[in-house]
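Peer 1: For reference, this is work31.tsv, and it has TSV, C-alpha atoms.
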```tsv
chain	number	residue	atom	x	y	z
A	130	MET	CA	-27.29	42.51	-1.42
A	131	THR	CA	-26.43	44.62	-4.44
A	132	ALA	CA	-25.26	43.01	-7.68
A	133	ASN	CA	-21.69	44.09	-6.97
A	134	GLU	CA	-21.79	42.64	-3.47
A	135	SER	CA	-23.15	39.36	-4.81
A	136	LEU	CA	-20.42	39.08	-7.42
A	137	ALA	CA	-17.78	40.00	-4.84
A	138	LEU	CA	-19.12	37.29	-2.53
A	139	ILE	CA	-19.03	34.68	-5.31
A	140	THR	CA	-15.47	35.63	-6.31
A	141	GLU	CA	-14.25	35.63	-2.71
A	142	THR	CA	-15.85	32.26	-1.94
A	143	LEU	CA	-14.42	30.62	-5.06
A	144	ASN	CA	-10.93	32.03	-4.39
A	145	ASN	CA	-10.90	31.10	-0.69
A	146	ASN	CA	-12.09	27.63	-1.53
A	147	ARG	CA	-9.37	27.07	-4.13
A	148	LYS	CA	-6.73	28.41	-1.72
A	149	GLU	CA	-7.94	26.19	1.12
A	150	ILE	CA	-7.80	23.02	-0.97
A	151	THR	CA	-4.34	23.92	-2.31
A	152	ARG	CA	-3.09	24.85	1.18
A	153	ARG	CA	-4.18	21.46	2.52
A	154	GLY	CA	-2.23	19.78	-0.28
A	155	GLY	CA	0.88	21.67	0.88
A	156	LYS	CA	0.92	19.74	4.17
A	157	PHE	CA	1.28	16.46	2.31
A	158	PHE	CA	4.12	17.80	0.17
A	159	ILE	CA	5.93	18.63	3.43
A	160	LEU	CA	5.21	15.23	5.00
A	161	TRP	CA	6.40	13.19	2.00
A	162	GLY	CA	9.38	15.49	1.50
A	163	ILE	CA	10.57	15.01	5.08
A	164	LEU	CA	10.13	11.23	4.82
A	165	LEU	CA	11.94	11.10	1.48
A	166	ALA	CA	14.91	13.07	2.85
A	167	PHE	CA	14.95	11.01	6.08
A	168	PHE	CA	14.85	7.62	4.33
A	169	SER	CA	17.50	8.62	1.80
A	170	LEU	CA	19.91	9.64	4.58
A	171	LEU	CA	19.06	6.50	6.59
A	172	VAL	CA	19.68	4.20	3.60
A	173	TYR	CA	22.89	6.09	2.80
A	174	ALA	CA	24.17	5.80	6.39
A	175	LEU	CA	23.38	2.06	6.65
A	176	TRP	CA	24.76	1.34	3.17
A	177	LYS	CA	27.95	3.23	3.98
A	178	SER	CA	28.49	1.64	7.41
A	179	THR	CA	27.78	-1.97	6.31
A	180	GLY	CA	28.78	-1.81	2.66
A	181	HIS	CA	25.56	-3.62	1.67
A	182	ALA	CA	23.23	-2.18	-0.97
A	183	TYR	CA	20.35	-4.32	0.30
A	184	TRP	CA	19.47	-1.53	2.73
A	185	ASN	CA	17.68	-0.09	-0.30
A	186	ASN	CA	14.86	-2.46	0.63
A	187	LEU	CA	14.09	0.01	3.42
A	188	TRP	CA	12.41	2.15	0.75
A	189	PHE	CA	9.47	-0.21	0.90
A	190	ALA	CA	8.90	0.99	4.47
A	191	LEU	CA	8.37	4.56	3.20
A	192	PRO	CA	4.70	4.09	2.22
A	193	LEU	CA	4.14	1.97	5.34
A	194	VAL	CA	5.21	4.95	7.48
A	195	GLY	CA	3.88	7.68	5.20
A	196	TYR	CA	0.29	6.57	4.65
A	197	PRO	CA	-0.60	6.19	8.38
A	198	LEU	CA	0.99	9.59	9.06
A	199	ALA	CA	-0.99	11.15	6.18
A	200	ARG	CA	-4.17	9.62	7.60
A	201	MET	CA	-3.31	11.00	11.03
A	202	ILE	CA	-2.81	14.51	9.66
A	203	ARG	CA	-6.12	14.26	7.80
A	204	SER	CA	-7.98	13.12	10.93
A	205	LYS	CA	-6.37	15.92	12.99
A	206	GLU	CA	-7.83	18.44	10.55
A	207	GLY	CA	-11.23	17.17	11.58
A	208	PRO	CA	-13.94	15.79	9.36
A	209	ALA	CA	-13.99	18.89	7.13
A	210	VAL	CA	-13.43	17.62	3.60
A	211	ALA	CA	-13.97	18.97	0.13
A	212	THR	CA	-12.79	17.56	-3.16
A	213	ASN	CA	-12.59	19.19	-6.53
A	214	VAL	CA	-11.29	18.09	-9.89
A	215	VAL	CA	-7.84	19.54	-9.18
A	216	SER	CA	-7.41	17.80	-5.81
A	217	ARG	CA	-8.57	14.52	-7.39
A	218	ILE	CA	-6.09	14.90	-10.28
A	219	VAL	CA	-3.21	15.72	-7.90
A	220	SER	CA	-4.11	12.75	-5.71
A	221	GLY	CA	-4.22	10.54	-8.84
A	222	ILE	CA	-0.83	11.79	-10.03
A	223	TRP	CA	0.87	10.91	-6.73
A	224	THR	CA	-0.89	7.57	-6.39
A	225	SER	CA	0.27	6.71	-9.92
A	226	PHE	CA	3.79	7.81	-9.03
A	227	GLY	CA	3.71	5.56	-5.91
A	228	VAL	CA	2.50	2.58	-7.94
A	229	PHE	CA	5.12	3.11	-10.65
A	230	ALA	CA	7.97	3.65	-8.16
A	231	CYS	CA	7.07	0.65	-5.97
A	232	SER	CA	6.51	-1.60	-9.00
A	233	VAL	CA	9.81	-0.80	-10.66
A	234	ALA	CA	11.64	-1.15	-7.32
A	235	ALA	CA	9.90	-4.47	-6.57
A	236	PHE	CA	10.71	-5.65	-10.09
A	237	THR	CA	14.38	-4.85	-9.55
A	238	VAL	CA	14.49	-6.61	-6.18
A	239	LEU	CA	12.75	-9.64	-7.66
A	240	LEU	CA	15.19	-9.85	-10.56
A	241	THR	CA	18.15	-9.37	-8.25
A	242	THR	CA	17.04	-12.34	-6.14
A	243	VAL	CA	16.74	-14.43	-9.30
A	244	GLY	CA	20.45	-13.96	-9.76
A	245	ASP	CA	22.34	-13.05	-12.87
A	246	HIS	CA	19.29	-12.44	-14.94
A	247	PRO	CA	20.18	-10.33	-17.97
A	248	LEU	CA	17.27	-7.99	-17.20
A	249	VAL	CA	18.92	-7.02	-13.90
A	250	SER	CA	21.74	-5.30	-15.66
A	251	ILE	CA	19.26	-3.51	-17.92
A	252	VAL	CA	17.16	-2.22	-15.01
A	253	VAL	CA	20.06	-1.40	-12.72
A	254	GLY	CA	22.11	-0.13	-15.63
A	255	ALA	CA	19.31	2.28	-16.51
A	256	GLY	CA	19.73	3.79	-13.05
A	257	LEU	CA	16.78	2.89	-10.85
A	258	THR	CA	17.26	5.87	-8.55
A	259	VAL	CA	17.51	8.43	-11.31
A	260	ASN	CA	14.48	6.99	-13.09
A	261	ILE	CA	12.37	7.13	-9.94
A	262	VAL	CA	13.41	10.70	-9.22
A	263	LEU	CA	12.76	11.63	-12.84
A	264	LEU	CA	9.23	10.21	-12.43
A	265	PHE	CA	9.00	12.11	-9.16
A	266	GLY	CA	9.99	15.39	-10.85
A	267	LEU	CA	7.46	14.78	-13.63
A	268	ALA	CA	4.71	14.06	-11.07
A	269	GLU	CA	5.56	17.27	-9.23
A	270	THR	CA	5.58	19.38	-12.40
A	271	ILE	CA	2.20	18.00	-13.52
A	272	SER	CA	0.87	18.76	-10.02
A	273	GLY	CA	2.12	22.32	-10.50
A	274	VAL	CA	0.26	22.54	-13.82
A	275	ALA	CA	-2.95	21.25	-12.20
A	276	LEU	CA	-2.58	23.63	-9.24
A	277	LYS	CA	-1.53	26.52	-11.52
A	278	ASN	CA	1.51	27.06	-9.32
A	279	TRP	CA	4.83	28.06	-10.87
A	280	ALA	CA	6.83	27.20	-7.72
A	281	ILE	CA	5.73	23.55	-8.00
A	282	LYS	CA	6.30	23.43	-11.77
A	283	ILE	CA	9.86	24.76	-11.40
A	284	ALA	CA	10.61	22.58	-8.34
A	285	GLY	CA	9.53	19.48	-10.29
A	286	PHE	CA	11.72	20.41	-13.23
A	287	VAL	CA	14.73	21.17	-11.00
A	288	THR	CA	14.29	17.86	-9.13
A	289	GLY	CA	13.83	15.71	-12.23
A	290	ILE	CA	16.53	17.23	-14.40
A	291	GLY	CA	18.82	17.90	-11.40
A	292	SER	CA	18.68	14.21	-10.55
A	293	VAL	CA	19.89	13.28	-14.04
A	294	VAL	CA	22.80	15.73	-13.75
A	295	ILE	CA	23.78	14.46	-10.27
A	296	TYR	CA	23.48	10.87	-11.45
A	297	TYR	CA	25.91	11.48	-14.29
A	298	LEU	CA	28.30	13.16	-11.86
A	299	THR	CA	28.14	10.53	-9.08
A	300	GLY	CA	27.14	7.35	-10.96
A	301	ALA	CA	25.28	4.42	-9.38
A	302	THR	CA	26.91	4.62	-5.96
A	303	LYS	CA	25.51	5.07	-2.46
A	304	GLU	CA	26.02	8.82	-2.95
A	305	GLN	CA	23.10	8.73	-5.39
A	306	MET	CA	20.91	8.66	-2.25
A	307	PHE	CA	21.59	12.38	-2.04
A	308	ILE	CA	19.45	12.75	-5.16
A	309	PHE	CA	16.50	11.57	-3.06
A	310	THR	CA	17.56	13.88	-0.24
A	311	LEU	CA	17.54	16.78	-2.68
A	312	ALA	CA	14.14	15.73	-4.03
A	313	GLY	CA	12.78	15.53	-0.46
A	314	LEU	CA	14.10	18.97	0.45
A	315	VAL	CA	12.67	20.46	-2.75
A	316	LEU	CA	9.33	18.87	-1.91
A	317	VAL	CA	9.38	20.34	1.62
A	318	ALA	CA	10.25	23.77	0.21
A	319	THR	CA	7.42	23.40	-2.31
A	320	GLY	CA	4.95	22.55	0.47
A	321	LEU	CA	6.05	25.58	2.49
A	322	ILE	CA	5.70	27.86	-0.55
A	323	VAL	CA	2.23	26.48	-1.34
A	324	LYS	CA	1.09	27.00	2.27
A	325	ARG	CA	2.51	30.52	2.34
A	326	GLN	CA	0.97	31.52	-1.00
A	327	ASN	CA	-2.46	30.27	0.07
A	328	ARG	CA	-2.74	31.66	3.59
B	274	MET	CA	-35.68	45.59	-18.17
B	275	PHE	CA	-33.49	43.79	-15.70
B	276	PRO	CA	-33.94	40.02	-15.29
B	277	LYS	CA	-35.36	38.86	-11.97
B	278	LEU	CA	-32.76	37.53	-9.56
B	279	ASP	CA	-33.40	34.00	-8.27
B	280	PRO	CA	-34.74	34.53	-4.70
B	281	VAL	CA	-33.31	31.17	-3.57
B	282	LEU	CA	-29.80	32.30	-4.45
B	283	HIS	CA	-30.20	35.96	-3.55
B	284	SER	CA	-29.34	35.43	0.09
B	285	GLU	CA	-25.83	35.88	1.41
B	286	LEU	CA	-25.34	32.47	3.02
B	287	ARG	CA	-27.16	30.43	0.36
B	288	LEU	CA	-25.17	32.18	-2.38
B	289	ALA	CA	-21.93	31.48	-0.50
B	290	VAL	CA	-22.86	27.79	-0.16
B	291	VAL	CA	-23.72	27.44	-3.84
B	292	SER	CA	-20.57	29.38	-4.91
B	293	LEU	CA	-18.49	27.07	-2.75
B	294	LEU	CA	-20.14	23.94	-4.12
B	295	ALA	CA	-19.72	25.23	-7.69
B	296	GLY	CA	-15.95	24.95	-7.21
B	297	VAL	CA	-15.87	21.43	-5.76
B	298	GLU	CA	-17.28	17.99	-6.52
B	299	SER	CA	-18.59	17.66	-2.98
B	300	ALA	CA	-18.04	19.20	0.42
B	301	ASP	CA	-19.04	18.12	3.89
B	302	PHE	CA	-21.02	20.21	6.35
B	303	SER	CA	-18.00	21.03	8.53
B	304	TYR	CA	-16.04	22.32	5.55
B	305	ILE	CA	-18.91	24.52	4.37
B	306	LYS	CA	-19.39	25.81	7.91
B	307	LYS	CA	-15.71	26.66	8.22
B	308	GLN	CA	-15.49	28.34	4.81
B	309	THR	CA	-18.66	30.39	5.19
B	310	GLY	CA	-18.24	31.21	8.89
B	311	ALA	CA	-21.92	30.42	9.48
B	312	THR	CA	-23.42	28.90	12.60
B	313	SER	CA	-24.52	25.25	12.43
B	314	GLY	CA	-28.19	26.13	12.94
B	315	ASN	CA	-28.34	28.80	10.26
B	316	LEU	CA	-26.35	26.70	7.81
B	317	SER	CA	-28.65	23.71	8.36
B	318	VAL	CA	-31.72	25.82	7.58
B	319	GLN	CA	-30.18	27.28	4.40
B	320	ILE	CA	-28.95	23.87	3.22
B	321	ASP	CA	-32.48	22.50	3.67
B	322	LYS	CA	-33.86	25.37	1.56
B	323	LEU	CA	-31.34	24.74	-1.21
B	324	SER	CA	-32.08	21.04	-1.07
B	325	ALA	CA	-35.84	21.66	-1.22
B	326	ALA	CA	-35.30	23.83	-4.33
B	327	GLY	CA	-33.41	20.92	-5.92
B	328	TYR	CA	-30.19	22.94	-6.12
B	329	ILE	CA	-28.11	20.62	-3.97
B	330	THR	CA	-28.21	17.02	-2.80
B	331	VAL	CA	-27.53	16.17	0.82
B	332	GLU	CA	-26.22	12.75	1.86
B	333	LYS	CA	-26.09	11.84	5.51
B	334	GLY	CA	-23.70	9.11	6.54
B	335	PHE	CA	-20.84	8.27	8.86
B	336	LYS	CA	-17.10	8.67	8.60
B	337	GLY	CA	-15.88	6.16	11.14
B	338	LYS	CA	-18.05	6.88	14.16
B	339	MET	CA	-18.60	10.53	13.28
B	340	PRO	CA	-21.77	11.60	11.46
B	341	CYS	CA	-21.01	13.22	8.14
B	342	THR	CA	-23.26	15.29	5.87
B	343	THR	CA	-22.02	15.66	2.31
B	344	CYS	CA	-23.44	18.25	-0.08
B	345	ARG	CA	-23.23	18.37	-3.86
B	346	LEU	CA	-24.48	20.87	-6.40
B	347	THR	CA	-27.04	19.41	-8.81
B	348	GLU	CA	-27.32	20.20	-12.53
B	349	THR	CA	-30.38	22.33	-11.70
B	350	GLY	CA	-28.35	24.18	-9.07
B	351	LEU	CA	-25.47	24.77	-11.45
B	352	GLU	CA	-27.82	26.06	-14.13
B	353	ALA	CA	-29.51	28.38	-11.61
B	354	PHE	CA	-26.10	29.62	-10.44
B	355	ARG	CA	-25.02	30.35	-14.04
B	356	ASN	CA	-28.26	32.22	-14.74
B	357	TYR	CA	-27.85	34.16	-11.50
B	358	VAL	CA	-24.32	35.25	-12.44
B	359	THR	CA	-25.45	36.21	-15.95
B	360	ALA	CA	-28.27	38.28	-14.46
B	361	LEU	CA	-25.87	39.96	-12.06
B	362	LYS	CA	-23.60	40.94	-14.95
B	363	GLU	CA	-26.53	42.55	-16.72
B	364	TYR	CA	-27.29	44.59	-13.59
B	365	ILE	CA	-23.69	45.79	-13.44
B	366	SER	CA	-23.27	46.54	-17.13
```
Written as structure tokens, how would this file's structure read?

Peer 2:
Amino acid sequence: MTANESLALITETLNNNRKEITRRGGKFFILWGILLAFFSLLVYALWKSTGHAYWNNLWFALPLVGYPLARMIRSKEGPAVATNVVSRIVSGIWTSFGVFACSVAAFTVLLTTVGDHPLVSIVVGAGLTVNIVLLFGLAETISGVALKNWAIKIAGFVTGIGSVVIYYLTGATKEQMFIFTLAGLVLVATGLIVKRQNR
Amino acid sequence: MFPKLDPVLHSELRLAVVSLLAGVESADFSYIKKQTGATSGNLSVQIDKLSAAGYITVEKGFKGKMPCTTCRLTETGLEAFRNYVTALKEYIS
């Protein structure tokens, strides 16, 4: 090998590797995006038909469905695995988001069952949905920064800030579920862009 | 006078393996095989050579019921890779 060939080989290997790890991440954006959109429409439909907001508890089923599906996708890819700092950071960001979202939702449910606790009005009044989607948008934007991908950065910003705008337009009604639908669709689009850019 | 290129790294497949490992924390055998396009036999031989030189560590284990070989670049390997790239740049300039 000449010096130029060696350097070309190093550059190509590093680039292909980065692309492969990012492309794999794209699949999970698509999976969680589809689930988010599906659950939001399901909760909306049940809430609308029965008039009961307690269908929001269905959100707790999202990780129960999502994590086994994510595992299945990973096992279908075969045992080939590589981790780098970026993939670990992105994984950490989304795990943190999941913990924050589930905790704040569980906290709200717990307070609601307590009854007329003054904290309920604070939490619900602050707009649980919009806060979770704002967290979601932030998580997506930080993922975009870690992955050096403008599509993800912009998608995160649009989702987070878009959710605040929609919330102020619709208020805390069942229609706010469409904020999650929007976030899910943006996430799917992001996953498709990431996969396309890293073919 | 040009610096001498590290003979352990100056081989297409071994250089590809080390370049790949320089960009990750760890990678399993199947991933390296897929990314380099090497055959299992050839890759095994080259991984053993890199391991013998102290450039990578190789951990054999199981993921479920499937055997899994995980490779990591060592500090020595990273230093050798840096020196190799520096030497290459001198050749080019």

Peer 1: Mind running chain B against chain A at 6 Å and telling me each contacting residue's nearest atom pair with the distance in Å (one decimal), counting all atoms listed in the file, chain and number ascending, as a tab-separated table?

Peer 2:
```
residue	atom	partner	partner_atom	distance
B:Ser292	CA	A:Ile139	CA	5.5
B:Leu293	CA	A:Leu143	CA	5.9
B:Val297	CA	A:Asn213	CA	4.0
B:Glu298	CA	A:Asn213	CA	4.8
B:Ser299	CA	A:Ala211	CA	5.7
B:Ala300	CA	A:Ala211	CA	4.1
B:Asp301	CA	A:Val210	CA	5.6
B:Ser303	CA	A:Ala209	CA	4.8
B:Tyr304	CA	A:Ala209	CA	4.3
B:Leu361	CA	A:Ala132	CA	5.4
```

Peer 1: State, in Å with one decimal place, the distance from atom CA of Phe286 of chain A to atom CA of Leu257 of chain A.

Peer 2: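 So the two atoms, atom CA of Phe286 of chain A and atom CA of Leu257 of chain A, lie 18.4 Å apart.
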
Peer 1: I'd like the neighbourhood of His181 of chain A as a PyMOL selection string, where a residue qualifies if any of its atoms comes within 10 Å (using only C-alpha atoms), though same-chain residues fewer than 4 positions away should be ignored.

Peer 2: chain A and resi 172+175-177+185+303

Peer 1: What is the atom CA of Cys344 of chain B-atom CA of Phe302 of chain B distance in Å, reported with one decimal?

Peer 2: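 Computing the Euclidean distance for atom CA of Cys344 of chain B and atom CA of Phe302 of chain B yields 7.1 Å.
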
Peer 1: Suppose you want the space between atom CA of Asn315 of chain B and atom CA of Arg287 of chain B; what is it in Å?

Peer 2: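 Computing it gives 10.1 Å between the two atoms.
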
Peer 1: Write out as JSON an axis-aligned box for segment 343-362 of chain B: all of its atoms listed in the file, 4 Å added on each side, centre and edge lengths in Å with one decimal.

Peer 2:
```
{"center_x": -26.2, "center_y": 28.3, "center_z": -6.8, "size_x": 16.4, "size_y": 33.3, "size_z": 26.3}
```

Peer 1: If you count all atoms listed in the file, which residues fall within 8 Å of Lys322 of chain B, apart from same-chain ones fewer than 4 positions away, as a list in words?

Peer 2: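 Contacts, with the query itself left out: Val281, Val318 and Ala326 of chain B.
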
Peer 1: Show me, as a PDB file with C-alpha atoms, in the frame of the given file, the residues that have an atom within 12 Å of Gln326 of chain A when counting all atoms listed in the file, minus same-chain residues fewer than 6 positions from it.

Peer 2:
```
ATOM      1  CA  ASN A 145     -10.900  31.100  -0.690  1.00  0.00           C
ATOM      2  CA  ARG A 147      -9.370  27.070  -4.130  1.00  0.00           C
ATOM      3  CA  LYS A 148      -6.730  28.410  -1.720  1.00  0.00           C
ATOM      4  CA  GLU A 149      -7.940  26.190   1.120  1.00  0.00           C
ATOM      5  CA  THR A 151      -4.340  23.920  -2.310  1.00  0.00           C
ATOM      6  CA  ARG A 152      -3.090  24.850   1.180  1.00  0.00           C
ATOM      7  CA  ARG A 153      -4.180  21.460   2.520  1.00  0.00           C
ATOM      8  CA  GLY A 155       0.880  21.670   0.880  1.00  0.00           C
ATOM      9  CA  LEU A 276      -2.580  23.630  -9.240  1.00  0.00           C
ATOM     10  CA  LYS A 277      -1.530  26.520 -11.520  1.00  0.00           C
ATOM     11  CA  ASN A 278       1.510  27.060  -9.320  1.00  0.00           C
ATOM     12  CA  TRP A 279       4.830  28.060 -10.870  1.00  0.00           C
ATOM     13  CA  ALA A 280       6.830  27.200  -7.720  1.00  0.00           C
ATOM     14  CA  ILE A 281       5.730  23.550  -8.000  1.00  0.00           C
ATOM     15  CA  THR A 319       7.420  23.400  -2.310  1.00  0.00           C
ATOM     16  CA  GLY A 320       4.950  22.550   0.470  1.00  0.00           C
TER      17      GLY A 320
END
```
